[in-house]
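Asks: This is the content of target-v4.cif (mmCIF, C-alpha atoms and all ligand atoms; chains and numbers go by the auth columns):
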data_entry
loop_
_atom_site.group_PDB
_atom_site.id
_atom_site.type_symbol
_atom_site.label_atom_id
_atom_site.label_comp_id
_atom_site.label_asym_id
_atom_site.label_seq_id
_atom_site.Cartn_x
_atom_site.Cartn_y
_atom_site.Cartn_z
_atom_site.B_iso_or_equiv
_atom_site.auth_seq_id
_atom_site.auth_asym_id
ATOM 1 C CA MET A 1 22.678 -7.101 4.795 0.00 925 A
ATOM 2 C CA ASN A 2 20.901 -8.353 1.697 0.00 926 A
ATOM 3 C CA ASN A 3 17.285 -7.473 2.357 0.00 927 A
ATOM 4 C CA THR A 4 15.915 -7.511 -1.180 0.00 928 A
ATOM 5 C CA VAL A 5 13.037 -9.942 -1.468 0.00 929 A
ATOM 6 C CA SER A 6 13.288 -12.205 -4.489 0.00 930 A
ATOM 7 C CA GLU A 7 10.400 -14.682 -4.359 0.00 931 A
ATOM 8 C CA VAL A 8 7.989 -12.841 -2.136 0.00 932 A
ATOM 9 C CA THR A 9 5.496 -14.581 -0.108 0.00 933 A
ATOM 10 C CA LEU A 10 4.004 -12.376 2.543 0.00 934 A
ATOM 11 C CA ARG A 11 2.944 -14.459 5.470 0.00 935 A
ATOM 12 C CA ALA A 12 1.052 -13.141 8.478 0.00 936 A
ATOM 13 C CA ASP A 13 0.314 -15.424 11.411 0.00 937 A
ATOM 14 C CA GLY A 14 -1.913 -14.634 14.367 0.00 938 A
ATOM 15 C CA ILE A 15 -1.793 -10.860 14.014 0.00 939 A
ATOM 16 C CA THR A 16 -3.508 -8.960 16.815 0.00 940 A
ATOM 17 C CA LYS A 17 -3.483 -5.241 17.439 0.00 941 A
ATOM 18 C CA SER A 18 -5.242 -3.082 20.006 0.00 942 A
ATOM 19 C CA TYR A 19 -5.325 0.633 20.707 0.00 943 A
ATOM 20 C CA SER A 20 -5.867 2.084 24.134 0.00 944 A
ATOM 21 C CA SER A 21 -8.683 4.544 24.644 0.00 945 A
ATOM 22 C CA GLU A 22 -10.256 6.225 27.663 0.00 946 A
ATOM 23 C CA SER A 23 -12.713 3.349 27.909 0.00 947 A
ATOM 24 C CA GLY A 24 -9.958 0.714 27.749 0.00 948 A
ATOM 25 C CA LEU A 25 -8.313 -1.329 25.028 0.00 949 A
ATOM 26 C CA ILE A 26 -9.953 -1.486 21.602 0.00 950 A
ATOM 27 C CA ARG A 27 -9.100 -4.701 19.772 0.00 951 A
ATOM 28 C CA VAL A 28 -8.665 -3.680 16.105 0.00 952 A
ATOM 29 C CA LEU A 29 -7.102 -6.821 14.594 0.00 953 A
ATOM 30 C CA ASN A 30 -8.106 -10.221 15.829 0.00 954 A
ATOM 31 C CA HIS A 31 -5.838 -13.172 14.977 0.00 955 A
ATOM 32 C CA ILE A 32 -5.377 -12.446 11.284 0.00 956 A
ATOM 33 C CA ASN A 33 -3.681 -15.145 9.192 0.00 957 A
ATOM 34 C CA LEU A 34 -2.855 -14.474 5.559 0.00 958 A
ATOM 35 C CA GLU A 35 -0.474 -15.646 2.881 0.00 959 A
ATOM 36 C CA LEU A 36 0.228 -13.818 -0.380 0.00 960 A
ATOM 37 C CA SER A 37 2.377 -14.806 -3.325 0.00 961 A
ATOM 38 C CA HIS A 38 4.048 -13.052 -6.195 0.00 962 A
ATOM 39 C CA GLY A 39 1.439 -11.717 -8.614 0.00 963 A
ATOM 40 C CA ASP A 40 -1.409 -11.740 -6.087 0.00 964 A
ATOM 41 C CA PHE A 41 -3.698 -8.718 -6.169 0.00 965 A
ATOM 42 C CA ILE A 42 -5.803 -8.889 -3.018 0.00 966 A
ATOM 43 C CA THR A 43 -8.641 -6.459 -2.353 0.00 967 A
ATOM 44 C CA ILE A 44 -10.059 -5.795 1.124 0.00 968 A
ATOM 45 C CA SER A 45 -13.423 -4.367 2.053 0.00 969 A
ATOM 46 C CA GLY A 46 -15.432 -4.010 5.217 0.00 970 A
ATOM 47 C CA PRO A 47 -17.271 -1.369 7.228 0.00 971 A
ATOM 48 C CA SER A 48 -15.505 1.833 8.224 0.00 972 A
ATOM 49 C CA GLY A 49 -13.461 1.196 11.356 0.00 973 A
ATOM 50 C CA CYS A 50 -13.174 -2.583 10.857 0.00 974 A
ATOM 51 C CA GLY A 51 -9.372 -2.423 10.708 0.00 975 A
ATOM 52 C CA LYS A 52 -8.435 -2.281 6.992 0.00 976 A
ATOM 53 C CA SER A 53 -5.926 0.578 7.287 0.00 977 A
ATOM 54 C CA THR A 54 -4.474 -0.904 10.457 0.00 978 A
ATOM 55 C CA LEU A 55 -4.005 -4.257 8.718 0.00 979 A
ATOM 56 C CA LEU A 56 -2.207 -2.587 5.789 0.00 980 A
ATOM 57 C CA ALA A 57 0.039 -0.651 8.181 0.00 981 A
ATOM 58 C CA VAL A 58 0.920 -3.779 10.182 0.00 982 A
ATOM 59 C CA LEU A 59 1.624 -5.867 7.080 0.00 983 A
ATOM 60 C CA GLY A 60 3.479 -2.949 5.484 0.00 984 A
ATOM 61 C CA ALA A 61 6.012 -2.864 8.340 0.00 985 A
ATOM 62 C CA LEU A 62 4.763 0.503 9.564 0.00 986 A
ATOM 63 C CA GLN A 63 3.037 -0.524 12.777 0.00 987 A
ATOM 64 C CA GLU A 64 4.173 -3.398 14.939 0.00 988 A
ATOM 65 C CA PRO A 65 1.429 -5.839 15.960 0.00 989 A
ATOM 66 C CA ASP A 66 0.892 -6.693 19.635 0.00 990 A
ATOM 67 C CA SER A 67 1.352 -10.350 18.782 0.00 991 A
ATOM 68 C CA GLY A 68 1.789 -12.531 15.727 0.00 992 A
ATOM 69 C CA THR A 69 4.397 -12.502 12.991 0.00 993 A
ATOM 70 C CA VAL A 70 4.814 -10.838 9.600 0.00 994 A
ATOM 71 C CA GLU A 71 7.305 -12.463 7.270 0.00 995 A
ATOM 72 C CA TYR A 72 8.463 -11.543 3.783 0.00 996 A
ATOM 73 C CA ASP A 73 10.121 -14.521 2.151 0.00 997 A
ATOM 74 C CA GLY A 74 11.739 -15.429 5.451 0.00 998 A
ATOM 75 C CA ILE A 75 12.518 -11.868 6.582 0.00 999 A
ATOM 76 C CA SER A 76 10.616 -10.576 9.618 0.00 1000 A
ATOM 77 C CA PRO A 77 10.672 -6.782 9.323 0.00 1001 A
ATOM 78 C CA TYR A 78 9.775 -6.249 12.989 0.00 1002 A
ATOM 79 C CA ARG A 79 12.847 -8.213 14.046 0.00 1003 A
ATOM 80 C CA LEU A 80 15.112 -5.813 12.127 0.00 1004 A
ATOM 81 C CA SER A 81 16.616 -2.710 13.692 0.00 1005 A
ATOM 82 C CA ALA A 82 14.689 0.491 12.974 0.00 1006 A
ATOM 83 C CA LYS A 83 17.342 1.490 10.414 0.00 1007 A
ATOM 84 C CA ASP A 84 17.324 -1.871 8.610 0.00 1008 A
ATOM 85 C CA ARG A 85 13.514 -1.936 8.666 0.00 1009 A
ATOM 86 C CA ALA A 86 13.368 1.510 7.065 0.00 1010 A
ATOM 87 C CA GLN A 87 15.824 0.329 4.409 0.00 1011 A
ATOM 88 C CA PHE A 88 13.822 -2.873 3.880 0.00 1012 A
ATOM 89 C CA ARG A 89 10.636 -0.835 3.443 0.00 1013 A
ATOM 90 C CA SER A 90 12.179 1.611 1.027 0.00 1014 A
ATOM 91 C CA LYS A 91 13.429 -1.204 -1.217 0.00 1015 A
ATOM 92 C CA ASN A 92 10.503 -3.582 -1.065 0.00 1016 A
ATOM 93 C CA ILE A 93 7.311 -1.800 -0.036 0.00 1017 A
ATOM 94 C CA GLY A 94 5.270 0.947 -1.682 0.00 1018 A
ATOM 95 C CA PHE A 95 2.475 2.505 0.373 0.00 1019 A
ATOM 96 C CA VAL A 96 -0.393 4.673 -0.859 0.00 1020 A
ATOM 97 C CA PHE A 97 -1.839 6.243 2.288 0.00 1021 A
ATOM 98 C CA GLN A 98 -5.553 6.880 2.682 0.00 1022 A
ATOM 99 C CA ASP A 99 -4.761 10.522 3.500 0.00 1023 A
ATOM 100 C CA PHE A 100 -1.906 10.724 0.922 0.00 1024 A
ATOM 101 C CA ASN A 101 0.898 11.936 3.296 0.00 1025 A
ATOM 102 C CA LEU A 102 2.441 14.158 0.614 0.00 1026 A
ATOM 103 C CA VAL A 103 5.240 16.492 1.684 0.00 1027 A
ATOM 104 C CA PRO A 104 3.613 19.949 1.577 0.00 1028 A
ATOM 105 C CA TYR A 105 6.718 21.916 0.603 0.00 1029 A
ATOM 106 C CA LEU A 106 7.651 19.633 -2.326 0.00 1030 A
ATOM 107 C CA THR A 107 6.110 19.744 -5.789 0.00 1031 A
ATOM 108 C CA VAL A 108 4.307 16.810 -7.383 0.00 1032 A
ATOM 109 C CA ARG A 109 7.485 15.817 -9.206 0.00 1033 A
ATOM 110 C CA GLU A 110 9.637 16.138 -6.084 0.00 1034 A
ATOM 111 C CA ASN A 111 7.153 14.142 -3.989 0.00 1035 A
ATOM 112 C CA ILE A 112 7.219 11.337 -6.556 0.00 1036 A
ATOM 113 C CA LEU A 113 11.031 11.379 -6.572 0.00 1037 A
ATOM 114 C CA CYS A 114 11.305 11.066 -2.763 0.00 1038 A
ATOM 115 C CA PRO A 115 11.690 7.253 -2.479 0.00 1039 A
ATOM 116 C CA GLY A 116 14.515 7.463 -5.041 0.00 1040 A
ATOM 117 C CA ILE A 117 16.663 9.380 -2.562 0.00 1041 A
ATOM 118 C CA VAL A 118 17.629 6.158 -0.768 0.00 1042 A
ATOM 119 C CA ASN A 119 18.838 4.699 -4.050 0.00 1043 A
ATOM 120 C CA SER A 120 20.590 7.684 -5.520 0.00 1044 A
ATOM 121 C CA SER A 121 22.695 5.581 -7.899 0.00 1045 A
ATOM 122 C CA ASN A 122 19.714 5.453 -10.279 0.00 1046 A
ATOM 123 C CA ASP A 123 18.584 8.386 -12.334 0.00 1047 A
ATOM 124 C CA TRP A 124 14.883 8.442 -11.487 0.00 1048 A
ATOM 125 C CA GLY A 125 14.058 11.306 -13.832 0.00 1049 A
ATOM 126 C CA THR A 126 12.852 9.148 -16.724 0.00 1050 A
ATOM 127 C CA ARG A 127 10.706 6.894 -14.543 0.00 1051 A
ATOM 128 C CA THR A 128 9.221 9.941 -12.779 0.00 1052 A
ATOM 129 C CA ALA A 129 8.346 11.528 -16.124 0.00 1053 A
ATOM 130 C CA GLU A 130 6.663 8.285 -17.291 0.00 1054 A
ATOM 131 C CA LEU A 131 4.585 8.043 -14.112 0.00 1055 A
ATOM 132 C CA ILE A 132 3.578 11.710 -14.316 0.00 1056 A
ATOM 133 C CA GLU A 133 2.468 11.192 -17.909 0.00 1057 A
ATOM 134 C CA SER A 134 0.667 7.887 -17.400 0.00 1058 A
ATOM 135 C CA LEU A 135 -1.201 9.099 -14.325 0.00 1059 A
ATOM 136 C CA GLY A 136 -2.385 12.257 -16.091 0.00 1060 A
ATOM 137 C CA LEU A 137 -0.375 14.692 -13.949 0.00 1061 A
ATOM 138 C CA SER A 138 1.647 16.424 -16.686 0.00 1062 A
ATOM 139 C CA ASP A 139 -0.054 19.793 -16.146 0.00 1063 A
ATOM 140 C CA ARG A 140 0.497 19.621 -12.402 0.00 1064 A
ATOM 141 C CA SER A 141 4.099 18.407 -12.012 0.00 1065 A
ATOM 142 C CA ASN A 142 5.355 21.726 -10.595 0.00 1066 A
ATOM 143 C CA HIS A 143 2.370 22.311 -8.323 0.00 1067 A
ATOM 144 C CA TYR A 144 2.453 21.923 -4.545 0.00 1068 A
ATOM 145 C CA PRO A 145 0.010 19.597 -2.726 0.00 1069 A
ATOM 146 C CA ASP A 146 -2.189 22.478 -1.494 0.00 1070 A
ATOM 147 C CA GLN A 147 -2.727 23.459 -5.143 0.00 1071 A
ATOM 148 C CA LEU A 148 -4.049 19.998 -6.081 0.00 1072 A
ATOM 149 C CA SER A 149 -7.468 18.389 -6.062 0.00 1073 A
ATOM 150 C CA SER A 150 -7.875 15.304 -3.865 0.00 1074 A
ATOM 151 C CA GLY A 151 -7.768 13.070 -6.931 0.00 1075 A
ATOM 152 C CA GLU A 152 -4.518 14.682 -8.115 0.00 1076 A
ATOM 153 C CA LYS A 153 -3.008 14.177 -4.656 0.00 1077 A
ATOM 154 C CA GLN A 154 -4.112 10.545 -4.751 0.00 1078 A
ATOM 155 C CA ARG A 155 -2.480 9.939 -8.146 0.00 1079 A
ATOM 156 C CA THR A 156 0.704 11.669 -6.946 0.00 1080 A
ATOM 157 C CA ALA A 157 0.732 9.353 -3.921 0.00 1081 A
ATOM 158 C CA LEU A 158 0.347 6.327 -6.215 0.00 1082 A
ATOM 159 C CA ALA A 159 3.164 7.471 -8.500 0.00 1083 A
ATOM 160 C CA ARG A 160 5.412 7.937 -5.453 0.00 1084 A
ATOM 161 C CA ALA A 161 4.602 4.407 -4.250 0.00 1085 A
ATOM 162 C CA LEU A 162 5.396 2.932 -7.669 0.00 1086 A
ATOM 163 C CA LEU A 163 8.647 4.849 -8.295 0.00 1087 A
ATOM 164 C CA VAL A 164 11.208 2.289 -7.152 0.00 1088 A
ATOM 165 C CA GLU A 165 9.135 -0.656 -8.442 0.00 1089 A
ATOM 166 C CA PRO A 166 8.727 -2.260 -5.007 0.00 1090 A
ATOM 167 C CA THR A 167 7.882 -5.933 -4.650 0.00 1091 A
ATOM 168 C CA ILE A 168 4.658 -5.202 -2.805 0.00 1092 A
ATOM 169 C CA ILE A 169 2.267 -2.259 -2.938 0.00 1093 A
ATOM 170 C CA PHE A 170 -0.224 -1.425 -0.203 0.00 1094 A
ATOM 171 C CA ALA A 171 -2.917 0.922 -1.483 0.00 1095 A
ATOM 172 C CA ASP A 172 -5.421 2.320 1.002 0.00 1096 A
ATOM 173 C CA GLU A 173 -8.557 3.370 -0.876 0.00 1097 A
ATOM 174 C CA PRO A 174 -6.534 4.617 -3.849 0.00 1098 A
ATOM 175 C CA THR A 175 -9.641 5.310 -5.948 0.00 1099 A
ATOM 176 C CA GLY A 176 -11.630 6.979 -3.151 0.00 1100 A
ATOM 177 C CA ASN A 177 -11.376 10.496 -4.574 0.00 1101 A
ATOM 178 C CA LEU A 178 -11.294 9.735 -8.287 0.00 1102 A
ATOM 179 C CA ASP A 179 -13.778 10.011 -11.128 0.00 1103 A
ATOM 180 C CA GLN A 180 -14.460 6.824 -13.047 0.00 1104 A
ATOM 181 C CA GLU A 181 -11.825 7.400 -15.727 0.00 1105 A
ATOM 182 C CA ASN A 182 -9.028 8.184 -13.281 0.00 1106 A
ATOM 183 C CA GLY A 183 -10.171 5.435 -10.913 0.00 1107 A
ATOM 184 C CA GLN A 184 -9.935 2.934 -13.751 0.00 1108 A
ATOM 185 C CA ARG A 185 -6.507 4.290 -14.648 0.00 1109 A
ATOM 186 C CA VAL A 186 -5.307 3.617 -11.098 0.00 1110 A
ATOM 187 C CA LEU A 187 -6.802 0.096 -11.082 0.00 1111 A
ATOM 188 C CA ASP A 188 -5.197 -0.627 -14.471 0.00 1112 A
ATOM 189 C CA HIS A 189 -1.818 0.476 -13.100 0.00 1113 A
ATOM 190 C CA LEU A 190 -2.154 -1.771 -10.055 0.00 1114 A
ATOM 191 C CA THR A 191 -3.397 -4.711 -12.160 0.00 1115 A
ATOM 192 C CA SER A 192 -0.525 -4.492 -14.613 0.00 1116 A
ATOM 193 C CA TYR A 193 1.856 -4.137 -11.690 0.00 1117 A
ATOM 194 C CA ALA A 194 0.572 -7.417 -10.231 0.00 1118 A
ATOM 195 C CA ASN A 195 0.637 -9.058 -13.677 0.00 1119 A
ATOM 196 C CA ASP A 196 4.339 -8.191 -13.830 0.00 1120 A
ATOM 197 C CA GLY A 197 4.840 -10.281 -10.673 0.00 1121 A
ATOM 198 C CA ALA A 198 4.496 -7.806 -7.816 0.00 1122 A
ATOM 199 C CA THR A 199 2.016 -8.280 -4.976 0.00 1123 A
ATOM 200 C CA VAL A 200 -0.749 -5.703 -4.522 0.00 1124 A
ATOM 201 C CA MET A 201 -2.977 -5.271 -1.485 0.00 1125 A
ATOM 202 C CA MET A 202 -5.752 -2.696 -1.739 0.00 1126 A
ATOM 203 C CA ALA A 203 -8.396 -1.577 0.754 0.00 1127 A
ATOM 204 C CA THR A 204 -11.522 -0.168 -0.847 0.00 1128 A
ATOM 205 C CA HIS A 205 -15.177 0.696 -0.279 0.00 1129 A
ATOM 206 C CA ASP A 206 -15.849 0.651 -4.038 0.00 1130 A
ATOM 207 C CA MET A 207 -17.408 -2.627 -5.228 0.00 1131 A
ATOM 208 C CA ASP A 208 -15.962 -2.331 -8.757 0.00 1132 A
ATOM 209 C CA ALA A 209 -12.495 -1.891 -7.258 0.00 1133 A
ATOM 210 C CA PHE A 210 -13.156 -4.740 -4.816 0.00 1134 A
ATOM 211 C CA ASN A 211 -13.866 -7.074 -7.734 0.00 1135 A
ATOM 212 C CA THR A 212 -10.488 -6.259 -9.305 0.00 1136 A
ATOM 213 C CA GLY A 213 -7.627 -8.624 -8.520 0.00 1137 A
ATOM 214 C CA ASN A 214 -7.579 -12.356 -7.813 0.00 1138 A
ATOM 215 C CA LYS A 215 -8.252 -12.524 -4.053 0.00 1139 A
ATOM 216 C CA HIS A 216 -10.997 -10.734 -2.159 0.00 1140 A
ATOM 217 C CA LEU A 217 -11.035 -10.386 1.594 0.00 1141 A
ATOM 218 C CA GLN A 218 -14.049 -9.221 3.616 0.00 1142 A
ATOM 219 C CA MET A 219 -13.306 -7.950 7.123 0.00 1143 A
ATOM 220 C CA ASP A 220 -15.525 -7.145 10.048 0.00 1144 A
ATOM 221 C CA GLU A 221 -14.520 -6.016 13.532 0.00 1145 A
ATOM 222 C CA GLY A 222 -10.876 -6.882 13.011 0.00 1146 A
ATOM 223 C CA SER A 223 -11.437 -10.395 11.713 0.00 1147 A
ATOM 224 C CA ILE A 224 -11.479 -12.006 8.287 0.00 1148 A
ATOM 225 C CA LEU A 225 -15.061 -12.883 7.381 0.00 1149 A
ATOM 226 C CA THR A 226 -14.334 -14.398 3.972 0.00 1150 A
ATOM 227 C CA LEU A 227 -11.334 -14.777 1.721 0.00 1151 A
ATOM 228 C CA ILE A 228 -12.258 -15.681 -1.832 0.00 1152 A
ATOM 229 C CA ASN A 229 -9.602 -16.792 -4.251 0.00 1153 A
ATOM 230 C CA ASP A 230 -10.644 -16.523 -7.909 0.00 1154 A
ATOM 231 C CA ASN A 231 -8.734 -19.746 -8.557 0.00 1155 A
ATOM 232 C CA GLY A 232 -11.295 -21.489 -6.386 0.00 1156 A
ATOM 233 C CA ASN A 233 -9.147 -22.053 -3.287 0.00 1157 A
ATOM 234 C CA ASN A 234 -10.044 -20.396 -0.027 0.00 1158 A
HETATM 235 N N1 LIG B . -3.947 5.550 16.588 0.00 1201 A
HETATM 236 C C1 LIG B . -5.144 5.094 16.992 0.00 1201 A
HETATM 237 N N2 LIG B . -5.518 5.194 18.290 0.00 1201 A
HETATM 238 C C2 LIG B . -6.703 4.715 18.717 0.00 1201 A
HETATM 239 N N3 LIG B . -7.604 4.105 17.912 0.00 1201 A
HETATM 240 C C3 LIG B . -7.283 3.983 16.617 0.00 1201 A
HETATM 241 C C4 LIG B . -6.044 4.462 16.076 0.00 1201 A
HETATM 242 N N4 LIG B . -6.003 4.193 14.745 0.00 1201 A
HETATM 243 C C5 LIG B . -7.168 3.584 14.475 0.00 1201 A
HETATM 244 N N5 LIG B . -7.928 3.447 15.581 0.00 1201 A
HETATM 245 C C6 LIG B . -9.243 2.798 15.671 0.00 1201 A
HETATM 246 O O1 LIG B . -9.081 1.495 15.120 0.00 1201 A
HETATM 247 C C7 LIG B . -10.229 1.114 14.384 0.00 1201 A
HETATM 248 C C8 LIG B . -9.815 0.648 12.993 0.00 1201 A
HETATM 249 O O2 LIG B . -9.311 1.766 12.271 0.00 1201 A
HETATM 250 P P1 LIG B . -8.880 1.640 10.747 0.00 1201 A
HETATM 251 O O3 LIG B . -8.373 2.974 10.353 0.00 1201 A
HETATM 252 O O4 LIG B . -7.956 0.486 10.607 0.00 1201 A
HETATM 253 O O5 LIG B . -10.281 1.291 10.060 0.00 1201 A
HETATM 254 P P2 LIG B . -10.657 1.198 8.502 0.00 1201 A
HETATM 255 O O6 LIG B . -11.306 -0.123 8.309 0.00 1201 A
HETATM 256 O O7 LIG B . -9.472 1.510 7.674 0.00 1201 A
HETATM 257 O O8 LIG B . -11.767 2.335 8.364 0.00 1201 A
HETATM 258 P P3 LIG B . -12.104 3.278 7.087 0.00 1201 A
HETATM 259 O O9 LIG B . -12.890 2.436 6.124 0.00 1201 A
HETATM 260 O O10 LIG B . -12.951 4.365 7.704 0.00 1201 A
HETATM 261 O O11 LIG B . -10.823 3.809 6.533 0.00 1201 A
HETATM 262 C C9 LIG B . -11.167 2.307 14.391 0.00 1201 A
HETATM 263 O O12 LIG B . -12.162 2.081 15.347 0.00 1201 A
HETATM 264 C C10 LIG B . -10.285 3.461 14.789 0.00 1201 A
HETATM 265 O O13 LIG B . -11.010 4.431 15.508 0.00 1201 A
HETATM 266 MG MG MG B . -9.004 3.059 6.395 0.00 1202 A
#
Hey, can you dump this file as structure tokens for me?
Ligand SMILES: Nc1ncnc2c1ncn2[C@@H]1O[C@H](COP(=O)(O)OP(=O)(O)OP(=O)(O)O)[C@@H](O)[C@H]1O
Ligand SMILES: [Mg+2]

Replies:
Amino acid sequence: MNNTVSEVTLRADGITKSYSSESGLIRVLNHINLELSHGDFITISGPSGCGKSTLLAVLGALQEPDSGTVEYDGISPYRLSAKDRAQFRSKNIGFVFQDFNLVPYLTVRENILCPGIVNSSNDWGTRTAELIESLGLSDRSNHYPDQLSSGEKQRTALARALLVEPTIIFADEPTGNLDQENGQRVLDHLTSYANDGATVMMATHDMDAFNTGNKHLQMDEGSILTLINDNGNN
């Protein structure tokens, strides 16, 4: 199948998601509708527990919603087989997890190279070296995750997400553990990535980071409170 997205528009319609708990179902996403185009850099903020990470996971084809649809330029990842969905994700989606999800027994360099395994026809060495350099990880490339600071883990996770130049990047609080200089470096990377035509979606508690990008979404209790588009359209 040809599952490479060319003109991405990410469209989410009526997304709901609940988790079960001892006290019953907890509704985490409540009828979310959203549409993103090529070059959009959307930032998301809202109180802890309001559903930001869950929204990223649902839109990023990692967690199926209870109802509603997610569509990438006409392709619905949740209608694909598990194998095709994994292939679709590896080609089109980069994900920076809030808790990094680095592979503990691989070095920084090897972690960054991981997404390249599915496309082994490319030599990813040069791109990996560029990312290591530009994210300030040169002195740490042969270290293992348990030898890294949180900020170094976070930058490794970003480099891994950027390796195959996916069409859309989901970044869950990617500046949460960084000093100002490294935080700005991460935001600059994401901004230039969107300027090159990719779509970026970032959850953050940091107001400076929230004001980056061209669309700004405020969530509360699983719903969209406001969606501001810097072009003036809501
Ligand atoms: N696997 C799960 N099982 C049960 N409840 C869950 C699960 N994952 C998340 N939740 C609950 O869903 C709600 C939303 O969680 P989510 O991680 O999306 O919030 P968040 O907005 O990203 O918060 P934070 O800013 O702290 O990262 C929370 O109340 C959380 O406890
Ligand atoms: Mg979160």

Asks: Using 8 Å as the limit and counting all atoms listed in the file, can you tabulate each residue of chain A that touches ligand LIG 1201 (chain A), with its shortest atom-to-atom distance in Å and the two atoms involved, as a tab-separated table?

Replies:
residue	atom	partner	partner_atom	distance
A:Ser942	CA	A:LIG1201	O1	7.7
A:Tyr943	CA	A:LIG1201	C2	4.7
A:Ser944	CA	A:LIG1201	C2	6.1
A:Ser945	CA	A:LIG1201	C2	6.3
A:Ile950	CA	A:LIG1201	N3	7.1
A:Arg951	CA	A:LIG1201	O1	7.7
A:Val952	CA	A:LIG1201	O1	5.3
A:Ser969	CA	A:LIG1201	O6	7.9
A:Gly970	CA	A:LIG1201	O6	6.5
A:Pro971	CA	A:LIG1201	O9	5.9
A:Ser972	CA	A:LIG1201	O9	3.4
A:Gly973	CA	A:LIG1201	O5	3.4
A:Cys974	CA	A:LIG1201	O6	4.0
A:Gly975	CA	A:LIG1201	O4	3.2
A:Lys976	CA	A:LIG1201	O6	3.8
A:Ser977	CA	A:LIG1201	O7	3.7
A:Thr978	CA	A:LIG1201	O4	3.8
A:Leu979	CA	A:LIG1201	O4	6.5
A:Gln1022	CA	A:LIG1201	O11	7.2
A:Asp1096	CA	A:LIG1201	O7	7.8
A:Glu1097	CA	A:LIG1201	O11	7.8
A:Ala1127	CA	A:LIG1201	O7	7.7
A:Thr1128	CA	A:LIG1201	O9	7.6
A:His1129	CA	A:LIG1201	O9	7.0
A:Gly1146	CA	A:LIG1201	C8	7.6

Asks: Pull out every residue that the PyMOL selection byres (((chain A and resi 1081-1092) around 8) and not hetatm) matches in the shown coordinates and put them as a ChimeraX atom specification.

Replies: /A:929,932,1014-1021,1024-1026,1035-1040,1048,1051-1052,1055-1056,1059,1077-1080,1093-1095,1098,1110,1122-1125

Asks: Could you write out as a ChimeraX atom specification the residues that the PyMOL selection byres (((chain A and resi 1115) around 12) and not hetatm) matches in the shown file?

Replies: /A:963-967,1093,1108-1114,1116-1126,1133,1135-1138

Asks: So what do you get for CA of Asn1153 in chain A versus CA of Lys1139 in chain A, distance-wise?

Replies: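 Computing it gives 4.5 Å between the two atoms.
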
Asks: What is the distance between CA of Arg935 in chain A and CA of Tyr996 in chain A, in Å to one decimal?

Replies: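 Interatomic distance, CA of Arg935 in chain A to CA of Tyr996 in chain A: 6.5 Å.
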
Asks: In Å, how far is it from CA of Ser991 in chain A to CA of Leu1004 in chain A?

Replies: 15.9 Å

Asks: Extract, using only C-alpha atoms, all DNA, RNA and protein residues at most 12 Å from Tyr1029 in chain A, discarding same-chain residues fewer than 6 positions from it, and format them as a list of chain:residue names.

Replies: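 Listing them by chain and then by number gives A:Asn1035, A:Asn1066, A:His1067, A:Tyr1068, A:Pro1069, A:Asp1070, A:Gln1071.
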
Asks: Run the PyMOL selection byres (((chain A and resi 1001-1003) around 10) and not hetatm) against the file shown and list the residues it catches, as a VMD selection string.

Replies: chain A and resid 927 982 to 989 993 to 996 998 to 1000 1004 to 1006 1008 to 1010 1012 to 1013

Asks: Taking into account all atoms listed in the file, which residue in the set A:Thr1150, A:Leu1030, A:Lys1007, A:Asp1023 is nearest to ligand MG 1202 (chain A)?

Replies: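 For ligand MG 1202 (chain A), the nearest of the candidates is A:Asp1023.
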
Asks: I need every residue sitting at most 7 Å from the point (-7.5, -12.3, 7.2) (coordinates as in the file, all atoms listed in the file considered), written as number ranges by chain.

Replies: A: 956-958, 1141, 1147-1148

Asks: Taking into account all atoms listed in the file, which residue in the set A:Leu960, A:Leu1061, A:Ala1053, A:Ile968 is nearest to ligand MG 1202 (chain A)?

Replies: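 Smallest distance to ligand MG 1202 (chain A) is found for A:Ile968.
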
Asks: Between A:Met1143, A:Glu1076, A:Ile939, A:Gly1049, single out the one closest to ligand MG 1202 (chain A), counting all atoms listed in the file.

Replies: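 Of the candidates, the smallest distance to ligand MG 1202 (chain A) is held by A:Met1143.
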
Asks: Name the closest residue to ligand MG 1202 (chain A) among the candidates A:Leu1151, A:Leu934, A:Leu953, A:Ala981; distances are taken between atoms, counting all atoms listed in the file.

Replies: A:Ala981

Asks: Find, counting only C-alpha atoms and all ligand atoms, the residue in A:Asn1155, A:Leu980, A:His1140, A:Gly1060 that gets nearest to ligand MG 1202 (chain A).

Replies: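 Ranking A:Asn1155, A:Leu980, A:His1140, A:Gly1060 by distance to ligand MG 1202 (chain A), first place goes to A:Leu980.
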
Asks: Find, counting all atoms listed in the file, the residue in A:Glu1105, A:Gly1100, A:Phe1134, A:Glu946 that gets nearest to ligand MG 1202 (chain A).

Replies: A:Gly1100

Asks: Draw an axis-aligned box tight on the listed atoms of range 943-962 of chain A, then pad every side by 4 Å and write out centre and edge lengths in Å to one decimal as JSON.

Replies:
{"center_x": -4.3, "center_y": -4.7, "center_z": 10.9, "size_x": 24.8, "size_y": 29.9, "size_z": 42.1}
